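Below is query09.cif, which holds mmCIF, C-alpha atoms and all ligand atoms.
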```cif
data_data
loop_
_atom_site.label_atom_id
_atom_site.label_comp_id
_atom_site.auth_asym_id
_atom_site.auth_seq_id
_atom_site.Cartn_x
_atom_site.Cartn_y
_atom_site.Cartn_z
CA MET I 1 -175.34 16.10 -52.93
CA GLN I 2 -176.58 12.78 -54.32
CA ASP I 3 -176.54 10.25 -51.51
CA PHE I 4 -178.59 10.78 -48.36
CA ASN I 5 -178.17 7.31 -46.87
CA ASP I 6 -176.85 7.53 -43.31
CA LYS I 7 -176.38 11.30 -43.74
CA THR I 8 -177.70 13.85 -41.24
CA ALA I 9 -180.47 16.20 -42.30
CA VAL I 10 -181.65 19.10 -40.11
CA ILE I 11 -185.04 20.59 -40.97
CA THR I 12 -186.52 23.69 -39.32
CA GLY I 13 -190.30 23.83 -39.28
CA GLY I 14 -190.10 20.08 -39.91
CA ALA I 15 -193.03 19.11 -37.69
CA SER I 16 -195.67 19.81 -40.35
CA GLY I 17 -196.35 20.71 -43.98
CA ILE I 18 -193.42 20.98 -46.37
CA GLY I 19 -190.78 20.33 -43.70
CA LEU I 20 -192.45 17.11 -42.54
CA ALA I 21 -192.81 15.94 -46.15
CA MET I 22 -189.07 16.48 -46.63
CA ALA I 23 -188.35 14.62 -43.37
CA ARG I 24 -190.43 11.66 -44.59
CA ARG I 25 -188.80 11.65 -48.05
CA LEU I 26 -185.23 12.00 -46.77
CA GLY I 27 -186.00 9.35 -44.15
CA GLN I 28 -186.95 6.99 -46.98
CA GLU I 29 -183.50 7.69 -48.46
CA GLY I 30 -181.94 6.48 -45.21
CA ALA I 31 -181.10 9.89 -43.75
CA ASN I 32 -180.98 10.58 -40.03
CA ILE I 33 -183.48 13.36 -39.37
CA VAL I 34 -183.27 16.24 -36.90
CA ILE I 35 -186.40 18.36 -36.66
CA GLY I 36 -186.31 21.82 -35.08
CA ASP I 37 -189.79 23.21 -34.55
CA VAL I 38 -191.61 25.49 -32.13
CA GLU I 39 -194.88 23.51 -32.04
CA VAL I 40 -194.62 20.90 -29.27
CA GLY I 41 -197.59 18.68 -30.20
CA ALA I 42 -196.73 18.50 -33.89
CA LEU I 43 -193.10 17.78 -33.02
CA GLY I 44 -194.12 14.82 -30.85
CA ARG I 45 -196.44 13.42 -33.54
CA ALA I 46 -193.73 13.73 -36.21
CA VAL I 47 -191.24 11.82 -34.05
CA VAL I 48 -193.70 8.97 -33.43
CA GLU I 49 -194.58 8.73 -37.13
CA LEU I 50 -190.99 8.79 -38.38
CA THR I 51 -189.76 6.37 -35.69
CA ASP I 52 -192.57 3.95 -36.59
CA ALA I 53 -191.38 4.19 -40.21
CA GLY I 54 -187.90 3.11 -39.11
CA VAL I 55 -186.27 6.55 -39.39
CA ALA I 56 -183.63 7.64 -36.85
CA VAL I 57 -185.03 10.98 -35.67
CA GLU I 58 -184.17 13.62 -33.10
CA ALA I 59 -186.63 16.38 -32.16
CA VAL I 60 -185.35 19.67 -30.79
CA LEU I 61 -187.85 22.22 -29.55
CA THR I 62 -186.56 25.29 -31.39
CA ASP I 63 -187.77 28.82 -31.89
CA VAL I 64 -185.76 29.83 -34.94
CA THR I 65 -186.07 33.52 -34.10
CA ASP I 66 -183.62 32.93 -31.23
CA ARG I 67 -180.06 32.63 -32.54
CA GLY I 68 -179.02 30.71 -29.41
CA GLN I 69 -181.66 28.06 -30.16
CA ILE I 70 -180.27 27.63 -33.71
CA VAL I 71 -176.85 26.99 -32.19
CA ALA I 72 -178.44 24.49 -29.76
CA LEU I 73 -180.16 22.76 -32.71
CA ALA I 74 -176.85 22.34 -34.54
CA ASP I 75 -175.15 21.11 -31.35
CA ALA I 76 -177.94 18.60 -30.68
CA ALA I 77 -177.74 17.27 -34.26
CA GLN I 78 -173.98 16.79 -34.05
CA GLU I 79 -174.16 15.21 -30.62
CA ARG I 80 -176.70 12.62 -31.76
CA PHE I 81 -175.53 11.87 -35.32
CA GLY I 82 -172.09 13.44 -35.89
CA ASP I 83 -171.41 15.42 -39.09
CA ILE I 84 -174.30 17.44 -40.55
CA HIS I 85 -174.79 17.07 -44.32
CA PHE I 86 -178.09 18.75 -45.07
CA LEU I 87 -179.85 21.82 -43.68
CA HIS I 88 -183.36 22.80 -44.70
CA ASN I 89 -184.17 26.32 -43.48
CA ASN I 90 -187.90 25.95 -43.86
CA ALA I 91 -189.85 27.39 -40.89
CA GLY I 92 -192.11 30.16 -42.12
CA VAL I 93 -195.18 32.23 -41.26
CA THR I 94 -197.33 34.86 -42.89
CA THR I 95 -199.60 37.78 -42.09
CA ALA I 96 -202.15 39.61 -44.26
CA GLY I 97 -203.05 43.28 -44.46
CA LEU I 98 -201.84 46.55 -46.00
CA ALA I 99 -198.20 47.30 -45.20
CA GLU I 100 -199.09 50.28 -43.00
CA GLU I 101 -201.95 48.45 -41.27
CA GLN I 102 -199.73 45.61 -40.11
CA SER I 103 -198.31 46.23 -36.65
CA ASP I 104 -194.61 46.51 -35.81
CA ALA I 105 -195.00 43.18 -34.00
CA GLN I 106 -196.40 41.51 -37.14
CA TRP I 107 -193.59 42.91 -39.31
CA ASP I 108 -190.93 41.85 -36.79
CA TRP I 109 -192.39 38.34 -36.45
CA VAL I 110 -192.43 37.64 -40.19
CA LEU I 111 -188.96 39.16 -40.75
CA GLU I 112 -187.49 37.18 -37.85
CA VAL I 113 -188.99 33.76 -38.69
CA ASN I 114 -188.76 33.92 -42.48
CA LEU I 115 -185.52 35.82 -43.09
CA LEU I 116 -183.33 36.44 -40.05
CA ALA I 117 -183.66 32.80 -38.96
CA VAL I 118 -182.57 31.62 -42.41
CA ILE I 119 -179.53 33.88 -42.17
CA TYR I 120 -178.78 32.56 -38.65
CA GLY I 121 -179.14 28.99 -39.92
CA CYS I 122 -176.80 29.45 -42.89
CA ARG I 123 -174.17 31.25 -40.80
CA GLU I 124 -174.27 28.68 -38.00
CA PHE I 125 -174.35 25.51 -40.11
CA LEU I 126 -172.09 26.46 -43.05
CA PRO I 127 -168.79 26.32 -41.11
CA ARG I 128 -169.82 23.01 -39.53
CA MET I 129 -170.72 21.55 -42.96
CA LYS I 130 -167.54 22.88 -44.59
CA SER I 131 -165.29 21.55 -41.85
CA HIS I 132 -165.98 17.88 -42.68
CA GLY I 133 -165.45 18.46 -46.42
CA LYS I 134 -167.94 15.82 -47.64
CA PRO I 135 -170.85 16.58 -50.02
CA ALA I 136 -173.40 18.72 -48.18
CA HIS I 137 -176.33 20.95 -49.07
CA ILE I 138 -178.37 23.89 -47.79
CA LEU I 139 -181.98 24.18 -48.97
CA ASN I 140 -183.75 27.44 -48.12
CA THR I 141 -187.53 27.63 -48.45
CA ALA I 142 -188.57 30.87 -50.16
CA SER I 143 -191.75 30.94 -52.26
CA MET I 144 -193.05 32.18 -55.60
CA ALA I 145 -193.61 35.25 -53.39
CA GLY I 146 -189.82 35.60 -53.64
CA MET I 147 -190.04 35.72 -57.43
CA SER I 148 -192.97 38.04 -58.04
CA GLY I 149 -194.78 40.56 -55.82
CA GLY I 150 -198.41 41.26 -54.99
CA PRO I 151 -200.65 43.02 -52.47
CA PHE I 152 -201.51 42.54 -48.78
CA MET I 153 -198.45 40.53 -47.81
CA ALA I 154 -195.58 43.03 -47.92
CA PRO I 155 -193.64 41.51 -44.98
CA TYR I 156 -193.87 38.05 -46.56
CA PHE I 157 -192.72 39.31 -49.99
CA ALA I 158 -189.87 41.23 -48.35
CA THR I 159 -188.63 38.09 -46.58
CA LYS I 160 -189.04 35.70 -49.49
CA PHE I 161 -187.25 37.99 -51.95
CA GLY I 162 -184.59 38.22 -49.22
CA VAL I 163 -184.25 34.44 -49.00
CA VAL I 164 -183.87 34.20 -52.78
CA GLY I 165 -181.17 36.91 -52.72
CA LEU I 166 -179.37 35.28 -49.80
CA SER I 167 -179.41 31.90 -51.53
CA GLU I 168 -178.12 33.32 -54.83
CA GLY I 169 -175.31 35.03 -52.92
CA LEU I 170 -174.39 31.79 -51.15
CA TRP I 171 -174.52 29.82 -54.41
CA HIS I 172 -172.06 32.20 -56.07
CA GLU I 173 -169.78 32.10 -53.03
CA GLY I 174 -169.88 28.30 -53.19
CA GLN I 175 -168.78 28.40 -56.83
CA ALA I 176 -166.07 30.97 -56.13
CA THR I 177 -164.62 28.95 -53.24
CA LYS I 178 -165.21 25.45 -54.69
CA SER I 179 -167.25 24.67 -51.59
CA ASN I 180 -168.48 21.19 -50.69
CA VAL I 181 -171.81 22.76 -49.68
CA GLY I 182 -174.38 23.16 -52.46
CA VAL I 183 -177.28 25.62 -52.20
CA SER I 184 -180.86 25.54 -53.47
CA VAL I 185 -183.83 27.82 -52.93
CA LEU I 186 -187.32 26.34 -52.99
CA CYS I 187 -189.97 28.55 -54.60
CA PRO I 188 -193.39 26.88 -54.48
CA ALA I 189 -196.77 28.35 -55.28
CA PHE I 190 -199.65 26.94 -53.19
CA VAL I 191 -199.01 23.76 -51.20
CA ARG I 192 -201.63 22.08 -48.98
CA THR I 193 -200.18 22.82 -45.51
CA GLY I 194 -200.97 24.74 -42.33
CA ILE I 195 -199.42 28.03 -43.54
CA ALA I 196 -202.80 29.84 -43.52
CA ARG I 197 -203.04 28.99 -39.82
CA SER I 198 -199.70 30.62 -39.05
CA ASP I 199 -201.15 32.36 -35.99
CA ARG I 200 -201.02 29.04 -34.10
CA ASN I 201 -197.34 29.81 -33.55
CA GLN I 202 -197.70 33.57 -33.11
CA PRO I 203 -196.64 35.47 -29.99
CA ALA I 204 -199.78 35.71 -27.84
CA ASP I 205 -200.71 39.40 -28.20
CA MET I 206 -200.62 39.75 -32.00
CA GLY I 207 -204.31 39.16 -32.67
CA GLY I 208 -204.25 36.70 -35.58
CA TRP I 209 -202.40 36.43 -38.85
CA VAL I 210 -204.89 38.72 -40.66
CA THR I 211 -204.41 42.26 -39.34
CA PRO I 212 -207.51 43.06 -37.22
CA GLY I 213 -209.81 45.51 -39.06
CA SER I 214 -208.03 45.18 -42.41
CA GLN I 215 -210.68 44.64 -45.11
CA GLY I 216 -208.15 43.89 -47.85
CA GLY I 217 -206.29 41.65 -45.45
CA ALA I 218 -209.44 39.69 -44.63
CA ARG I 219 -210.31 39.20 -48.33
CA PHE I 220 -206.74 38.25 -49.09
CA GLY I 221 -206.68 35.88 -46.11
CA GLU I 222 -209.68 34.02 -47.57
CA PHE I 223 -208.01 33.91 -50.99
CA LEU I 224 -204.81 32.54 -49.47
CA SER I 225 -206.60 29.90 -47.37
CA ALA I 226 -208.55 28.69 -50.42
CA GLY I 227 -205.38 28.62 -52.53
CA VAL I 228 -203.51 26.57 -49.93
CA ASP I 229 -206.45 24.13 -49.64
CA ASP I 230 -206.28 23.68 -53.44
CA GLY I 231 -202.49 23.44 -53.45
CA ILE I 232 -200.26 20.55 -54.44
CA GLU I 233 -199.52 17.78 -51.96
CA PRO I 234 -196.37 18.26 -49.86
CA ALA I 235 -195.28 14.70 -50.71
CA ASP I 236 -195.30 15.51 -54.45
CA LEU I 237 -193.31 18.68 -53.77
CA ALA I 238 -190.73 16.69 -51.77
CA GLU I 239 -190.22 14.37 -54.75
CA THR I 240 -189.55 17.36 -57.04
CA VAL I 241 -187.19 18.90 -54.49
CA LEU I 242 -185.07 15.79 -54.08
CA ALA I 243 -184.70 15.38 -57.85
CA ALA I 244 -183.79 19.06 -58.25
CA ILE I 245 -181.11 18.87 -55.54
CA ARG I 246 -179.60 15.85 -57.28
CA GLU I 247 -179.62 17.85 -60.53
CA GLN I 248 -177.72 20.60 -58.65
CA LYS I 249 -180.37 23.24 -59.30
CA LEU I 250 -180.19 26.55 -57.46
CA TRP I 251 -183.79 27.61 -58.11
CA ILE I 252 -186.41 24.92 -57.47
CA LEU I 253 -189.79 25.58 -59.07
CA THR I 254 -192.60 23.17 -58.25
CA HIS I 255 -195.66 24.34 -60.18
CA PRO I 256 -196.25 24.30 -63.96
CA GLN I 257 -197.31 27.97 -64.11
CA SER I 258 -194.23 29.28 -62.26
CA PRO I 259 -191.85 29.78 -65.22
CA GLU I 260 -194.47 31.94 -66.97
CA VAL I 261 -195.01 34.09 -63.87
CA ILE I 262 -191.26 34.71 -63.64
CA GLU I 263 -190.98 35.39 -67.35
CA ARG I 264 -193.82 37.92 -67.26
CA ARG I 265 -192.18 39.78 -64.39
CA ALA I 266 -188.72 39.75 -66.02
CA ASN I 267 -190.17 40.97 -69.32
CA ALA I 268 -192.10 43.72 -67.55
CA ILE I 269 -188.94 44.91 -65.77
CA ALA I 270 -186.98 44.91 -69.02
CA GLU I 271 -189.67 46.34 -71.28
CA THR I 272 -192.24 48.49 -69.49
CA GLY I 273 -191.04 49.08 -65.95
CA VAL I 274 -194.56 48.36 -64.69
CA PRO I 275 -195.51 45.08 -62.96
CA PRO I 276 -197.81 42.71 -64.85
CA GLU I 277 -201.31 42.43 -63.47
CA VAL I 278 -201.52 40.04 -60.51
CA ARG I 279 -204.27 37.52 -61.15
CA SER I 280 -206.94 37.04 -58.46
CA MET I 281 -204.94 38.23 -55.46
CA GLY I 282 -208.00 38.92 -53.33
CA ARG I 283 -208.64 42.37 -54.82
N1 LIG I 301 -197.93 26.26 -48.16
C1 LIG I 301 -197.69 27.07 -49.19
O1 LIG I 301 -198.56 27.31 -50.05
C2 LIG I 301 -196.31 27.70 -49.31
C3 LIG I 301 -195.95 28.29 -50.52
C4 LIG I 301 -194.70 28.86 -50.65
C5 LIG I 301 -193.81 28.82 -49.60
N2 LIG I 301 -194.18 28.24 -48.43
C6 LIG I 301 -193.20 28.23 -47.33
O2 LIG I 301 -192.99 26.90 -46.90
C7 LIG I 301 -192.45 26.92 -45.58
C8 LIG I 301 -193.12 25.86 -44.74
O3 LIG I 301 -194.47 26.25 -44.52
P1 LIG I 301 -195.69 25.24 -44.72
O4 LIG I 301 -196.45 25.72 -45.89
O5 LIG I 301 -195.25 23.85 -44.66
O6 LIG I 301 -196.59 25.66 -43.45
P2 LIG I 301 -196.84 24.92 -42.07
O7 LIG I 301 -197.50 25.94 -41.20
O8 LIG I 301 -197.54 23.62 -42.30
O9 LIG I 301 -195.38 24.60 -41.53
C9 LIG I 301 -194.55 25.61 -40.99
C10 LIG I 301 -193.77 25.01 -39.83
O10 LIG I 301 -192.92 26.03 -39.28
C11 LIG I 301 -193.00 25.96 -37.87
N3 LIG I 301 -192.65 27.25 -37.25
C12 LIG I 301 -193.36 28.42 -37.29
N4 LIG I 301 -192.73 29.36 -36.56
C13 LIG I 301 -191.59 28.79 -36.08
C14 LIG I 301 -190.53 29.26 -35.26
N5 LIG I 301 -190.51 30.52 -34.78
N6 LIG I 301 -189.52 28.41 -34.96
C15 LIG I 301 -189.55 27.13 -35.42
N7 LIG I 301 -190.52 26.62 -36.18
C16 LIG I 301 -191.54 27.45 -36.51
C17 LIG I 301 -194.43 25.55 -37.59
O11 LIG I 301 -194.60 25.03 -36.29
C18 LIG I 301 -194.68 24.52 -38.70
O12 LIG I 301 -194.31 23.22 -38.29
C19 LIG I 301 -192.61 28.35 -45.07
O13 LIG I 301 -191.36 29.01 -45.14
C20 LIG I 301 -193.58 28.96 -46.07
O14 LIG I 301 -193.43 30.35 -46.17
C21 LIG I 301 -195.40 27.68 -48.26
#
```
Starting from the file, lay out its structure as structure tokens.
Amino acid sequence: MQDFNDKTAVITGGASGIGLAMARRLGQEGANIVIGDVEVGALGRAVVELTDAGVAVEAVLTDVTDRGQIVALADAAQERFGDIHFLHNNAGVTTAGLAEEQSDAQWDWVLEVNLLAVIYGCREFLPRMKSHGKPAHILNTASMAGMSGGPFMAPYFATKFGVVGLSEGLWHEGQATKSNVGVSVLCPAFVRTGIARSDRNQPADMGGWVTPGSQGGARFGEFLSAGVDDGIEPADLAETVLAAIREQKLWILTHPQSPEVIERRANAIAETGVPPEVRSMGR
């Protein structure tokens, strides 16, 4: 997909962080923007900002863990703007703690928001995007945590590797069927967003994004928060993403160190069978 002018772009988790940066950037390209997000206040602020910037925008209060709400998001987008050309499955959350310390509720929450919702989104929007036959694109937000593992975030790694696998599968299916819908998977390292305050959107009884009483989780939580604060700007990431989509890339890397991280992991799998040391992961 090259041209976004007067095209319809749906972005989940588009009320802040990476999703909002994509909404701003695609809005500059002339796209009509539909934001699905669970955070009411941020959704309202995003609509005001984008409208003031001259962007045609629709906000749909959406909890992506509810398949029915994904269907409602697609319906609302079509009703307002007609054909849908771009879907960014981007909403995401994280927790921190040892795998066995994290509660069932924490595991379920991360799996539902980060992976199941992406699957719901692809399955709901793909037929709608194929039916009009014009150039279209699905962008799934994974992470460098979908390219290389580490400690204290097992649910997050499980989902992000899942999103990479899903996206690769869809890409190959697109090639095999000569589909009009391209696919990319976004794999950033740290970006300056609200991800380390994920608990603002957590079901009420979960007790924070760091598992209560988890020492490793607490140390890792501090490491993650500091990393995010030092991360790249979402606006710079959005620029890289748009260029990569136009270059028809499947994997979108956004940080200079990322190729080396992937290479080290691939070499370790091929040569030693033992993961390379993870640098400064809060241990
Ligand atoms: N920030 C980073 O360092 C980083 C790095 C790699 C990948 N990512 C990924 O980027 C994506 C966007 O996160 P971000 O960093 O911009 O964080 P963010 O917290 O600023 O934005 C996440 C957005 O998702 C929304 N959201 C959360 N739960 C939702 C739900 N159930 N339904 C609908 N919307 C929901 C939030 O309200 C928020 O607007 C996530 O998938 C995250 O895993 C972030």
All residues 6 Å or closer to region 167-183 of chain I, all atoms listed in the file, same chain fewer than 3 positions away omitted, as a PyMOL selection string: chain I and resi 133+135-139+164
Go through chain I and flag each residue having an atom no more than 6 Å from ligand LIG 301 (chain I); for those, report the closest pair of atoms plus their distance in Å to one decimal, using all atoms listed in the file, ordered by chain and rising number, as a tab-separated table.
```
residue	atom	partner	partner_atom	distance
I:Thr12	CA	I:LIG301	N7	5.9
I:Gly13	CA	I:LIG301	O10	3.4
I:Gly14	CA	I:LIG301	O12	5.5
I:Ala15	CA	I:LIG301	O12	4.3
I:Ser16	CA	I:LIG301	O12	4.2
I:Gly17	CA	I:LIG301	O5	3.4
I:Ile18	CA	I:LIG301	O5	3.8
I:Gly19	CA	I:LIG301	O5	5.8
I:Asp37	CA	I:LIG301	N7	3.8
I:Val38	CA	I:LIG301	C15	4.2
I:Glu39	CA	I:LIG301	O11	4.5
I:Thr62	CA	I:LIG301	C15	5.3
I:Asp63	CA	I:LIG301	N6	3.6
I:Val64	CA	I:LIG301	N6	4.0
I:Thr65	CA	I:LIG301	N5	5.4
I:Asn90	CA	I:LIG301	O13	4.8
I:Ala91	CA	I:LIG301	O10	3.7
I:Gly92	CA	I:LIG301	O13	3.3
I:Val93	CA	I:LIG301	O14	5.5
I:Val113	CA	I:LIG301	N5	5.3
I:Thr141	CA	I:LIG301	O13	5.2
I:Ala142	CA	I:LIG301	C5	5.7
I:Ser143	CA	I:LIG301	C4	4.0
I:Pro188	CA	I:LIG301	C4	4.5
I:Ala189	CA	I:LIG301	C3	4.8
I:Phe190	CA	I:LIG301	O1	3.3
I:Val191	CA	I:LIG301	O1	3.8
I:Arg192	CA	I:LIG301	N1	5.6
I:Thr193	CA	I:LIG301	O8	4.2
I:Gly194	CA	I:LIG301	O8	3.6
I:Ile195	CA	I:LIG301	O7	3.7
I:Ser198	CA	I:LIG301	O7	5.6
I:Asn201	CA	I:LIG301	N4	5.5
I:Val228	CA	I:LIG301	O1	5.0
```
Would you mind telling me which residue in I:Glu29, I:Glu112, I:Asp52, I:Glu233 lies nearest to Asp66 (chain I) when using only C-alpha atoms? I:Glu112
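CA of Met206 (chain I) is found 6.9 Å from CA of Gln106 (chain I).
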For the atom pair CA of Trp251 (chain I) and CA of Gly165 (chain I), what is the interatomic distance in Å to one decimal place? 11.1 Å
Between I:Val185, I:Ile33, I:Ile84, I:Ala96, which one has atoms that come closest to Asp199 (chain I), using all atoms listed in the file? I:Ala96
Which residues are close to region 207-214 of chain I, i.e. within 9 Å by all atoms listed in the file, leaving aside same-chain residues fewer than 5 positions away? Reply as an mmCIF file with C-alpha atoms, in the coordinates of the input.
```
data_model
loop_
_atom_site.group_PDB
_atom_site.id
_atom_site.type_symbol
_atom_site.label_atom_id
_atom_site.label_comp_id
_atom_site.auth_asym_id
_atom_site.auth_seq_id
_atom_site.Cartn_x
_atom_site.Cartn_y
_atom_site.Cartn_z
ATOM 1 C CA VAL I 93 -195.180 32.230 -41.260
ATOM 2 C CA THR I 94 -197.330 34.860 -42.890
ATOM 3 C CA THR I 95 -199.600 37.780 -42.090
ATOM 4 C CA ALA I 96 -202.150 39.610 -44.260
ATOM 5 C CA GLY I 97 -203.050 43.280 -44.460
ATOM 6 C CA LEU I 98 -201.840 46.550 -46.000
ATOM 7 C CA GLU I 101 -201.950 48.450 -41.270
ATOM 8 C CA GLN I 102 -199.730 45.610 -40.110
ATOM 9 C CA SER I 103 -198.310 46.230 -36.650
ATOM 10 C CA GLN I 106 -196.400 41.510 -37.140
ATOM 11 C CA ALA I 196 -202.800 29.840 -43.520
ATOM 12 C CA ARG I 197 -203.040 28.990 -39.820
ATOM 13 C CA SER I 198 -199.700 30.620 -39.050
ATOM 14 C CA ASP I 199 -201.150 32.360 -35.990
ATOM 15 C CA ARG I 200 -201.020 29.040 -34.100
ATOM 16 C CA GLN I 202 -197.700 33.570 -33.110
ATOM 17 C CA ARG I 219 -210.310 39.200 -48.330
ATOM 18 C CA PHE I 220 -206.740 38.250 -49.090
ATOM 19 C CA GLY I 221 -206.680 35.880 -46.110
#
```
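Interatomic distance, CA of Arg80 (chain I) to CA of Arg25 (chain I): 20.3 Å.
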Give as a PyMOL selection string every residue, naming chains and numbers as the document does, that has an atom within 6 Å of (-179.2, 8.9, -46.6), counting all atoms listed in the file. chain I and resi 3-7+29-31
So that I can check the surroundings of Ala243 (chain I), please list as a PDB file with C-alpha atoms, in the coordinates of the input every protein, DNA and RNA residue that reaches within 12 Å of it, counting only C-alpha atoms and ignoring chain neighbours fewer than 3 positions away.
```pdb
ATOM      1  CA  MET I   1    -175.340  16.100 -52.930  1.00  0.00           C
ATOM      2  CA  GLN I   2    -176.580  12.780 -54.320  1.00  0.00           C
ATOM      3  CA  ASP I   3    -176.540  10.250 -51.510  1.00  0.00           C
ATOM      4  CA  ARG I  25    -188.800  11.650 -48.050  1.00  0.00           C
ATOM      5  CA  LEU I  26    -185.230  12.000 -46.770  1.00  0.00           C
ATOM      6  CA  SER I 184    -180.860  25.540 -53.470  1.00  0.00           C
ATOM      7  CA  ASP I 236    -195.300  15.510 -54.450  1.00  0.00           C
ATOM      8  CA  LEU I 237    -193.310  18.680 -53.770  1.00  0.00           C
ATOM      9  CA  ALA I 238    -190.730  16.690 -51.770  1.00  0.00           C
ATOM     10  CA  GLU I 239    -190.220  14.370 -54.750  1.00  0.00           C
ATOM     11  CA  THR I 240    -189.550  17.360 -57.040  1.00  0.00           C
ATOM     12  CA  ARG I 246    -179.600  15.850 -57.280  1.00  0.00           C
ATOM     13  CA  GLU I 247    -179.620  17.850 -60.530  1.00  0.00           C
ATOM     14  CA  GLN I 248    -177.720  20.600 -58.650  1.00  0.00           C
ATOM     15  CA  LYS I 249    -180.370  23.240 -59.300  1.00  0.00           C
ATOM     16  CA  ILE I 252    -186.410  24.920 -57.470  1.00  0.00           C
ATOM     17  CA  LEU I 253    -189.790  25.580 -59.070  1.00  0.00           C
ATOM     18  CA  THR I 254    -192.600  23.170 -58.250  1.00  0.00           C
TER      19      THR I 254
END
```
Taking only C-alpha atoms into account, which of I:Cys187, I:Leu115, I:Leu87, I:Ala235 comes nearest Gln28 (chain I)? I:Ala235
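Distances here use all atoms listed in the file; by that measure, the residue among I:Pro256, I:Gly27, I:Pro155, I:Pro127 closest to Asp108 (chain I) is I:Pro155.
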10 Å contact set for Gly82 (chain I), all atoms listed in the file, chain neighbours under 6 positions out, as an mmCIF file with C-alpha atoms, keeping the file's coordinate frame:
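To be explicit, this is the file written out as out-v2.cif:
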```
data_model
loop_
_atom_site.group_PDB
_atom_site.id
_atom_site.type_symbol
_atom_site.label_atom_id
_atom_site.label_comp_id
_atom_site.auth_asym_id
_atom_site.auth_seq_id
_atom_site.Cartn_x
_atom_site.Cartn_y
_atom_site.Cartn_z
ATOM 1 C CA LYS I 7 -176.380 11.300 -43.740
ATOM 2 C CA THR I 8 -177.700 13.850 -41.240
ATOM 3 C CA ASP I 75 -175.150 21.110 -31.350
ATOM 4 C CA ALA I 76 -177.940 18.600 -30.680
#
```
Would you give the centre and edge lengths, in Å to one decimal, of a box along x, y and z around the listed atoms of region 30-33 of chain I, with 3 Å added to each side, as JSON?
```
{"center_x": -182.2, "center_y": 9.9, "center_z": -42.3, "size_x": 8.5, "size_y": 12.9, "size_z": 11.8}
```
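Once Val71 (chain I) and its same-chain neighbours fewer than 6 positions away are set aside, Tyr120, Gly121, Glu124 and Phe125 of chain I remain within 9 Å of it when counting only C-alpha atoms.
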Judged by all atoms listed in the file, the minimum distance to Ala266 (chain I) among I:Met147, I:Ile232, I:Met129, I:Ala226 is found for I:Met147
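Between Arg24 (chain I) and the residues I:Ala154, I:Ile11, I:Val274, I:Ile119, the shortest atom-to-atom distance, using all atoms listed in the file, involves I:Ile11.
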